[in-house]
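S.K.: My structure is stored as run.txt, with compact mmCIF, C-alpha atoms and all ligand atoms.
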```
# COMPACT_ATOMS: atom_id res chain seq x y z
CA MET A 1 -20.09 17.98 6.41
CA ILE A 2 -17.03 19.69 4.94
CA TYR A 3 -13.70 19.25 6.68
CA ILE A 4 -11.25 22.03 5.90
CA ALA A 5 -7.58 22.38 6.82
CA SER A 6 -4.56 24.38 5.76
CA ASP A 7 -0.96 24.90 6.68
CA HIS A 8 0.36 28.35 7.67
CA ALA A 9 0.46 29.46 4.02
CA GLY A 10 -3.24 28.79 3.56
CA ILE A 11 -4.63 30.20 6.76
CA GLU A 12 -6.11 33.40 5.28
CA LEU A 13 -7.73 31.63 2.38
CA LYS A 14 -9.08 29.04 4.79
CA ALA A 15 -10.70 31.76 6.90
CA ALA A 16 -12.26 33.30 3.77
CA LEU A 17 -13.63 29.93 2.65
CA ILE A 18 -15.04 29.10 6.09
CA GLN A 19 -16.85 32.44 6.00
CA HIS A 20 -18.16 31.70 2.50
CA LEU A 21 -19.32 28.22 3.52
CA ALA A 22 -21.20 29.71 6.46
CA VAL A 23 -22.88 32.23 4.14
CA ILE A 24 -24.05 29.49 1.75
CA GLY A 25 -25.22 27.41 4.72
CA ARG A 26 -22.77 24.52 4.54
CA ALA A 27 -21.64 22.82 7.75
CA VAL A 28 -17.89 23.04 8.06
CA THR A 29 -15.34 21.75 10.55
CA ASP A 30 -12.01 23.53 10.81
CA GLU A 31 -9.21 21.01 11.28
CA GLY A 32 -6.52 23.71 11.64
CA THR A 33 -3.94 25.06 11.52
CA VAL A 34 -4.86 27.89 13.84
CA SER A 35 -2.01 30.39 13.39
CA THR A 36 0.63 31.49 10.92
CA ASP A 37 3.29 29.51 12.80
CA SER A 38 5.03 27.20 10.37
CA VAL A 39 3.52 23.70 10.28
CA ASP A 40 3.79 20.65 8.02
CA TYR A 41 1.05 20.17 5.46
CA PRO A 42 1.03 16.30 5.66
CA ASP A 43 -0.22 16.53 9.26
CA TYR A 44 -3.26 18.52 8.16
CA ALA A 45 -3.97 16.38 5.12
CA GLN A 46 -3.96 13.43 7.49
CA LYS A 47 -6.48 15.09 9.83
CA VAL A 48 -8.95 15.58 6.99
CA ALA A 49 -8.27 12.12 5.56
CA ARG A 50 -9.09 10.59 8.96
CA GLN A 51 -12.37 12.50 9.14
CA LEU A 52 -13.34 11.30 5.68
CA PHE A 53 -12.51 7.73 6.63
CA ALA A 54 -15.01 7.96 9.48
CA ASP A 55 -17.50 9.98 7.43
CA PRO A 56 -17.23 8.75 3.81
CA SER A 57 -19.99 10.99 2.46
CA ALA A 58 -18.19 14.17 3.60
CA TYR A 59 -15.90 16.37 1.52
CA GLY A 60 -12.54 17.88 2.35
CA ILE A 61 -10.84 21.11 1.40
CA LEU A 62 -7.06 21.34 1.82
CA ILE A 63 -5.01 24.47 1.32
CA CYS A 64 -1.28 25.07 1.31
CA GLY A 65 0.90 27.55 -0.59
CA THR A 66 0.65 25.80 -3.93
CA GLY A 67 -1.87 23.09 -3.11
CA THR A 68 0.66 20.57 -4.40
CA GLY A 69 1.91 19.33 -1.02
CA MET A 70 -1.62 18.89 0.25
CA SER A 71 -2.72 16.99 -2.85
CA ILE A 72 0.29 14.67 -2.72
CA ALA A 73 -0.24 14.05 0.99
CA ALA A 74 -3.99 13.52 0.69
CA ASN A 75 -3.72 11.12 -2.23
CA ARG A 76 -1.52 8.82 -0.15
CA PHE A 77 -4.72 7.72 1.60
CA SER A 78 -6.49 5.16 -0.48
CA HIS A 79 -9.99 6.43 0.36
CA ILE A 80 -9.07 9.93 -0.83
CA ARG A 81 -9.36 11.26 -4.36
CA ALA A 82 -7.91 14.74 -4.05
CA ALA A 83 -7.95 17.21 -6.94
CA LEU A 84 -5.72 20.27 -7.14
CA CYS A 85 -7.78 22.91 -8.93
CA GLN A 86 -7.42 26.49 -10.05
CA SER A 87 -10.70 26.96 -11.88
CA ALA A 88 -14.39 26.19 -11.46
CA GLU A 89 -14.26 24.03 -14.56
CA GLU A 90 -11.49 21.83 -13.13
CA SER A 91 -13.35 21.51 -9.82
CA GLN A 92 -16.61 20.63 -11.53
CA LEU A 93 -14.91 17.97 -13.66
CA ALA A 94 -13.01 16.64 -10.65
CA ARG A 95 -16.39 15.84 -9.08
CA ALA A 96 -18.24 14.82 -12.26
CA HIS A 97 -15.55 12.57 -13.72
CA ASN A 98 -13.19 11.67 -10.86
CA ASP A 99 -15.58 11.60 -7.92
CA ALA A 100 -13.00 13.68 -6.06
CA ASN A 101 -13.78 13.95 -2.37
CA VAL A 102 -11.10 16.49 -1.52
CA LEU A 103 -10.48 19.83 -3.19
CA CYS A 104 -6.93 21.16 -2.92
CA LEU A 105 -6.16 24.83 -3.42
CA GLY A 106 -2.96 26.84 -3.59
CA ALA A 107 -3.31 30.01 -1.54
CA ARG A 108 -0.34 31.56 -3.35
CA ILE A 109 -1.72 30.52 -6.73
CA VAL A 110 -5.43 31.37 -6.79
CA THR A 111 -7.32 34.48 -5.74
CA VAL A 112 -9.99 34.25 -3.06
CA ASP A 113 -12.67 34.69 -5.73
CA ALA A 114 -11.22 31.89 -7.85
CA ALA A 115 -11.01 29.65 -4.76
CA ILE A 116 -14.66 30.37 -3.93
CA ALA A 117 -15.64 29.56 -7.50
CA CYS A 118 -13.75 26.25 -7.18
CA VAL A 119 -15.50 25.43 -3.91
CA ASP A 120 -18.95 26.25 -5.27
CA ALA A 121 -18.43 24.17 -8.40
CA PHE A 122 -17.02 21.28 -6.36
CA LEU A 123 -19.88 21.22 -3.88
CA SER A 124 -22.64 21.58 -6.44
CA THR A 125 -21.53 18.83 -8.78
CA GLU A 126 -22.52 15.17 -8.55
CA PHE A 127 -20.37 12.32 -9.78
CA GLU A 128 -21.62 11.20 -13.18
CA GLY A 129 -20.85 7.52 -12.60
CA GLY A 130 -21.16 5.27 -15.70
CA ARG A 131 -17.89 4.98 -17.58
CA HIS A 132 -16.26 7.24 -15.01
CA ALA A 133 -17.20 4.80 -12.22
CA LEU A 134 -15.41 2.00 -14.07
CA ARG A 135 -12.33 4.21 -14.10
CA THR A 136 -12.47 5.31 -10.47
CA GLN A 137 -12.91 1.65 -9.50
CA LYS A 138 -9.58 0.97 -11.19
CA LEU A 139 -7.91 3.44 -8.84
CA GLY A 140 -8.47 0.87 -6.10
CA ASN A 141 -8.84 1.69 -2.46
CA ASN A 142 -9.20 0.16 0.95
CA ASP A 143 -12.97 0.36 0.79
CA SER A 144 -13.16 -3.37 0.20
CA LEU A 145 -11.50 -4.06 3.55
CA LYS A 146 -13.67 -1.44 5.20
CA THR A 147 -16.77 -3.04 3.66
CA LEU A 148 -15.77 -6.51 4.83
CA ILE A 149 -15.22 -5.22 8.38
CA ALA A 150 -18.64 -3.52 8.29
CA LEU A 151 -20.33 -6.67 6.92
CA GLU A 152 -18.66 -8.75 9.59
CA LYS A 153 -19.81 -6.37 12.34
CA ASP A 154 -23.32 -6.43 10.91
CA ALA A 155 -23.31 -10.24 10.88
CA VAL A 156 -22.22 -10.35 14.53
CA ALA A 157 -24.84 -7.74 15.50
CA PHE A 158 -27.40 -9.99 13.79
CA GLY A 159 -26.28 -12.85 16.02
CA PHE A 160 -24.46 -14.67 13.21
CA ASP A 161 -21.19 -15.21 15.04
CA TRP A 162 -18.64 -17.94 15.58
CA PRO A 163 -19.04 -20.02 18.76
CA ASN A 164 -15.28 -20.09 19.42
CA GLN A 165 -11.84 -19.36 18.00
CA ASP A 166 -11.12 -23.03 17.32
CA MET A 167 -13.92 -23.24 14.80
CA ILE A 168 -12.57 -20.24 12.91
CA LEU A 169 -9.12 -21.84 12.87
CA ASP A 170 -10.67 -25.05 11.50
CA GLN A 171 -12.40 -22.96 8.85
CA ILE A 172 -9.05 -21.40 7.90
CA ILE A 173 -7.49 -24.86 7.58
CA SER A 174 -10.37 -26.03 5.38
CA GLU A 175 -10.10 -22.90 3.20
CA CYS A 176 -6.37 -23.64 2.72
CA ALA A 177 -7.23 -27.19 1.65
CA GLU A 178 -9.79 -25.85 -0.84
CA ILE A 179 -7.22 -23.49 -2.37
CA LYS A 180 -4.73 -26.35 -2.68
CA ASP A 181 -7.38 -28.53 -4.27
CA ALA A 182 -8.39 -25.82 -6.77
CA VAL A 183 -4.75 -25.23 -7.75
CA GLN A 184 -4.02 -28.96 -8.09
CA LYS A 185 -7.10 -29.47 -10.26
CA GLY A 186 -5.96 -26.61 -12.48
CA GLU A 187 -9.15 -24.64 -11.82
CA LEU A 188 -9.60 -21.28 -13.53
CA PRO A 189 -7.81 -18.34 -11.85
CA ALA A 190 -11.19 -16.81 -10.91
CA ARG A 191 -12.06 -19.97 -8.97
CA VAL A 192 -8.70 -19.98 -7.15
CA GLN A 193 -9.15 -16.29 -6.38
CA GLU A 194 -12.57 -16.96 -4.91
CA GLU A 195 -11.09 -19.60 -2.61
CA ILE A 196 -8.35 -17.18 -1.54
CA SER A 197 -11.02 -14.56 -0.80
CA ASP A 198 -12.76 -17.11 1.47
CA LEU A 199 -9.47 -17.63 3.31
CA LEU A 200 -8.96 -13.86 3.73
CA HIS A 201 -12.50 -13.56 5.08
CA ALA A 202 -11.88 -16.32 7.62
CA VAL A 203 -8.61 -14.69 8.75
CA ILE A 204 -10.32 -11.29 9.16
CA SER A 205 -13.08 -13.03 11.14
CA LEU A 206 -10.45 -14.58 13.41
CA CYS A 207 -8.84 -11.19 13.98
CA MET A 208 -12.16 -9.52 14.83
CA TYR A 209 -13.44 -12.43 16.92
CA SER A 210 -10.22 -12.24 18.93
CA GLY A 211 -10.98 -8.60 19.67
CA PHE A 212 -8.24 -7.04 17.54
CA ASP A 213 -8.60 -4.04 15.26
CA VAL A 214 -8.01 -5.26 11.69
CA ASN A 215 -6.10 -2.20 10.44
CA GLU A 216 -3.95 -2.12 13.55
CA THR A 217 -3.19 -5.83 13.12
CA ILE A 218 -2.15 -5.29 9.50
CA ALA A 219 0.02 -2.36 10.63
CA ILE A 220 1.85 -4.73 13.01
CA ILE A 221 2.84 -7.09 10.22
CA ASN A 222 3.76 -4.19 7.93
CA GLN A 223 6.15 -2.93 10.58
CA LYS A 224 7.58 -6.38 11.23
CA PHE A 225 7.93 -7.31 7.55
CA LYS A 226 9.55 -3.96 6.78
CA GLY A 227 12.17 -4.52 9.51
CA ARG A 228 12.82 -8.11 8.48
CA MET A 229 13.20 -7.20 4.81
CA ALA A 230 15.75 -4.52 5.76
CA ALA A 231 17.62 -7.14 7.83
CA LEU A 232 17.39 -9.67 4.98
CA LYS A 233 18.88 -7.17 2.53
CA ALA A 234 21.69 -6.44 5.00
CA VAL A 235 22.41 -10.18 5.43
CA ALA A 236 22.35 -10.65 1.65
CA ALA A 237 24.76 -7.72 1.24
CA GLU A 238 27.17 -9.46 3.66
CA HIS A 239 27.14 -12.36 1.18
CA GLY A 240 27.91 -9.89 -1.62
CA LEU A 241 24.35 -10.09 -3.00
CA ASP A 242 22.12 -7.18 -3.96
CA SER A 243 19.29 -9.53 -5.00
CA LEU A 244 18.14 -13.06 -4.19
CA SER A 245 16.97 -13.79 -7.71
CA GLY A 246 18.26 -17.15 -8.87
CA GLN A 247 19.25 -18.33 -5.38
CA SER A 248 18.03 -21.67 -4.07
CA PHE A 249 15.03 -21.68 -1.77
CA GLU A 250 17.15 -23.36 0.96
CA PHE A 251 19.71 -20.55 0.80
CA MET A 252 16.95 -17.91 0.95
CA LEU A 253 15.49 -19.59 4.04
CA GLU A 254 18.94 -19.67 5.64
CA LEU A 255 19.32 -15.91 5.12
CA TRP A 256 15.75 -15.29 6.29
CA ASP A 257 16.46 -17.18 9.53
CA LYS A 258 19.58 -15.04 10.06
CA ALA A 259 17.55 -11.88 9.37
CA LYS A 260 14.83 -12.89 11.84
CA LYS A 261 17.44 -13.30 14.59
CA ARG A 262 18.51 -9.67 14.07
CA ILE A 263 15.12 -8.11 14.55
C1 LIG B 301 5.01 26.35 2.72
O1 LIG B 301 5.88 27.41 2.54
C2 LIG B 301 4.73 25.67 1.37
O2 LIG B 301 5.84 24.92 1.00
C3 LIG B 301 3.50 24.80 1.47
O3 LIG B 301 2.44 25.57 1.86
C4 LIG B 301 3.01 24.12 0.20
O4 LIG B 301 2.99 25.00 -0.87
C5 LIG B 301 3.64 22.87 -0.16
O5 LIG B 301 3.28 22.21 -1.14
```
Here is a file; write its structure as structure tokens.

M.R.:
Amino acid sequence: MIYIASDHAGIELKAALIQHLAVIGRAVTDEGTVSTDSVDYPDYAQKVARQLFADPSAYGILICGTGTGMSIAANRFSHIRAALCQSAEESQLARAHNDANVLCLGARIVTVDAAIACVDAFLSTEFEGGRHALRTQKLGNNDSLKTLIALEKDAVAFGFDWPNQDMILDQIISECAEIKDAVQKGELPARVQEEISDLLHAVISLCMYSGFDVNETIAIINQKFKGRMAALKAVAAEHGLDSLSGQSFEFMLELWDKAKKRI
């Protein structure tokens, strides 16, 4: 499946590409916009990014006036590798070397023919993998969390589930003890990291077992931590501080307690 979207500036090119995709027999879903009324490109990049999150083997095409806004917006999503292209060669290399899953085009920059050439090259090129895979892996993404959630769901579907919340909490406590032990024994960083990964797994299990969406749960703490950090900085500023570097831990805790009372 190909998910395509544009802002008002890209609407004509989008229509031309949808027509082309139909001619070459590719399934396409139009994620808007639907008129030349002015809209904001991040909203449309987000629509396509969401579709690709649910359907990781799909591709996206995003069009705005220059393609720049769409590519910036799309690349804010960690599962997206968006490439802004003007030529077939760039599009082909974006797939072959970068495993790009979204093609961005500037409707005010490229002709319809050039855009079609980009689309064709993009869709007909496989990722080469090998040394390029080592590089794309370094880009990092949220796939690891997604994979863990999928593995956890699979385990539960297989009947391998926790009997109750208490046992998961006990597991979390024992994972903490193992991390402490590994640190105290001066174990290699890889060993400590492995113990921390066990703890993260147990915490994710607790979240899922309790019936909460993992991403939504992380979003809650992001929101809370963001607010508390803003309050902490405000409290620090009242003490004439623009940083807490060098302050005692007791003083930091005192300010943190004050910040928590404000939010
Ligand atoms: C809209 O006029 C234009 O700013 C937008 O389509 C895009 O080019 C932004 O990057």

S.K.: Counting all atoms listed in the file, name the residues that have an atom within 10 Å of an atom of ligand LIG 301 (chain B); the answer should be given as a count of residues only.

M.R.: 27

S.K.: Taking only residues of region 192-251 of chain A that have an atom at most 10 Å from an atom of region 149-168 of chain A, what is each one's shortest atom pair and its distance in Å to one decimal, using only C-alpha atoms, in chain and number order, as JSON lines?

M.R.:
```
{"residue": "A:His201", "atom": "CA", "partner": "A:Glu152", "partner_atom": "CA", "distance": 9.0}
{"residue": "A:Ala202", "atom": "CA", "partner": "A:Ile168", "partner_atom": "CA", "distance": 6.6}
{"residue": "A:Val203", "atom": "CA", "partner": "A:Ile168", "partner_atom": "CA", "distance": 8.0}
{"residue": "A:Ile204", "atom": "CA", "partner": "A:Ile149", "partner_atom": "CA", "distance": 7.8}
{"residue": "A:Ser205", "atom": "CA", "partner": "A:Glu152", "partner_atom": "CA", "distance": 7.2}
{"residue": "A:Leu206", "atom": "CA", "partner": "A:Ile168", "partner_atom": "CA", "distance": 6.1}
{"residue": "A:Cys207", "atom": "CA", "partner": "A:Gln165", "partner_atom": "CA", "distance": 9.6}
{"residue": "A:Met208", "atom": "CA", "partner": "A:Ile149", "partner_atom": "CA", "distance": 8.3}
{"residue": "A:Tyr209", "atom": "CA", "partner": "A:Gln165", "partner_atom": "CA", "distance": 7.2}
{"residue": "A:Ser210", "atom": "CA", "partner": "A:Gln165", "partner_atom": "CA", "distance": 7.4}
{"residue": "A:Asp213", "atom": "CA", "partner": "A:Ile149", "partner_atom": "CA", "distance": 9.6}
{"residue": "A:Val214", "atom": "CA", "partner": "A:Ile149", "partner_atom": "CA", "distance": 7.9}
{"residue": "A:Asn215", "atom": "CA", "partner": "A:Ile149", "partner_atom": "CA", "distance": 9.8}
```

S.K.: Write out, as a PDB file, keeping the file's coordinate frame, the residues just selected, with C-alpha atoms.

M.R.:
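Below you can see selection-v1.pdb, which holds the result:
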```pdb
ATOM      1  CA  HIS A 201     -12.500 -13.560   5.080  1.00  0.00           C
ATOM      2  CA  ALA A 202     -11.880 -16.320   7.620  1.00  0.00           C
ATOM      3  CA  VAL A 203      -8.610 -14.690   8.750  1.00  0.00           C
ATOM      4  CA  ILE A 204     -10.320 -11.290   9.160  1.00  0.00           C
ATOM      5  CA  SER A 205     -13.080 -13.030  11.140  1.00  0.00           C
ATOM      6  CA  LEU A 206     -10.450 -14.580  13.410  1.00  0.00           C
ATOM      7  CA  CYS A 207      -8.840 -11.190  13.980  1.00  0.00           C
ATOM      8  CA  MET A 208     -12.160  -9.520  14.830  1.00  0.00           C
ATOM      9  CA  TYR A 209     -13.440 -12.430  16.920  1.00  0.00           C
ATOM     10  CA  SER A 210     -10.220 -12.240  18.930  1.00  0.00           C
ATOM     11  CA  ASP A 213      -8.600  -4.040  15.260  1.00  0.00           C
ATOM     12  CA  VAL A 214      -8.010  -5.260  11.690  1.00  0.00           C
ATOM     13  CA  ASN A 215      -6.100  -2.200  10.440  1.00  0.00           C
TER      14      ASN A 215
END
```

S.K.: Quote the spacing between CA of Ala115 (chain A) and CA of Leu21 (chain A) in Å to one decimal place.

M.R.: 11.8 Å

S.K.: Between A:Ala96, A:Val48, A:Ile221, A:Val235, which one has atoms that come closest to Glu128 (chain A), using all atoms listed in the file?

M.R.: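 Looking only at the distances to Glu128 (chain A), the closest residue turns out to be A:Ala96.
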
S.K.: Go through A:Ala54, A:Gly240, A:Leu232, A:Lys226 one by one, measure the shortest atom-to-atom distance of each to Leu255 (chain A) using all atoms listed in the file, and give the residue with the smallest value.

M.R.: A:Leu232

S.K.: I'd like the interatomic distance between CA of Glu238 (chain A) and CA of Leu253 (chain A), to a tenth of an Å.

M.R.: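 About the pair CA of Glu238 (chain A) and CA of Leu253 (chain A): they are 15.5 Å apart.
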
S.K.: Point out the residue among A:His20, A:Ala49, A:Leu148, A:Leu62 with the least atom-to-atom distance to Ala5 (chain A), counting only C-alpha atoms.

M.R.: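 The shortest atom-to-atom distance to Ala5 (chain A) comes from A:Leu62.
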
S.K.: Given the point (-7.0, 4.2, -10.2) in the file's coordinates, find the residues that have an atom at most 12 Å from it, counting only C-alpha atoms, and give them as a count of residues only.

M.R.: 18

S.K.: Restricting the calculation to all atoms listed in the file: of A:Ala117, A:Ile172, A:Ser91, A:Phe53, which residue gets closest to Thr147 (chain A)?

M.R.: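 With all atoms listed in the file as the atom set, the closest residue is A:Phe53.
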
S.K.: CA of Gly246 (chain A) and CA of Gln193 (chain A) are how many Å apart?

M.R.: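 Separation of CA of Gly246 (chain A) and CA of Gln193 (chain A): 27.5 Å.
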
S.K.: Counting all atoms listed in the file, which residue out of A:Ile220, A:Lys146, A:Val112, A:Ala27 sits closest to Ala15 (chain A)?

M.R.: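 Nearest candidate to Ala15 (chain A) out of A:Ile220, A:Lys146, A:Val112, A:Ala27: A:Val112.
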
S.K.: Which residue gives the smallest distance to Asp198 (chain A) among A:Ala230, A:Ala88, A:Ala259, A:Ile173, with all atoms listed in the file counted?

M.R.: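 Counting all atoms listed in the file, the residue closest to Asp198 (chain A) is A:Ile173.
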
S.K.: Please list as a PyMOL selection string every residue within 12 Å of Lys233 (chain A), counting all atoms listed in the file and excluding residues in the same chain fewer than 6 positions away.

M.R.: chain A and resi 226-227+239-244+252+255-256+258-260+262

S.K.: How would the residues just chosen look if you wrote them out with C-alpha atoms as a compact mmCIF listing (two decimals), in the frame of the given file?

M.R.:
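Listed below is the output, part-v4.txt:
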```txt
# COMPACT_ATOMS: atom_id res chain seq x y z
CA LYS A 226 9.55 -3.96 6.78
CA GLY A 227 12.17 -4.52 9.51
CA HIS A 239 27.14 -12.36 1.18
CA GLY A 240 27.91 -9.89 -1.62
CA LEU A 241 24.35 -10.09 -3.00
CA ASP A 242 22.12 -7.18 -3.96
CA SER A 243 19.29 -9.53 -5.00
CA LEU A 244 18.14 -13.06 -4.19
CA MET A 252 16.95 -17.91 0.95
CA LEU A 255 19.32 -15.91 5.12
CA TRP A 256 15.75 -15.29 6.29
CA LYS A 258 19.58 -15.04 10.06
CA ALA A 259 17.55 -11.88 9.37
CA LYS A 260 14.83 -12.89 11.84
CA ARG A 262 18.51 -9.67 14.07
```
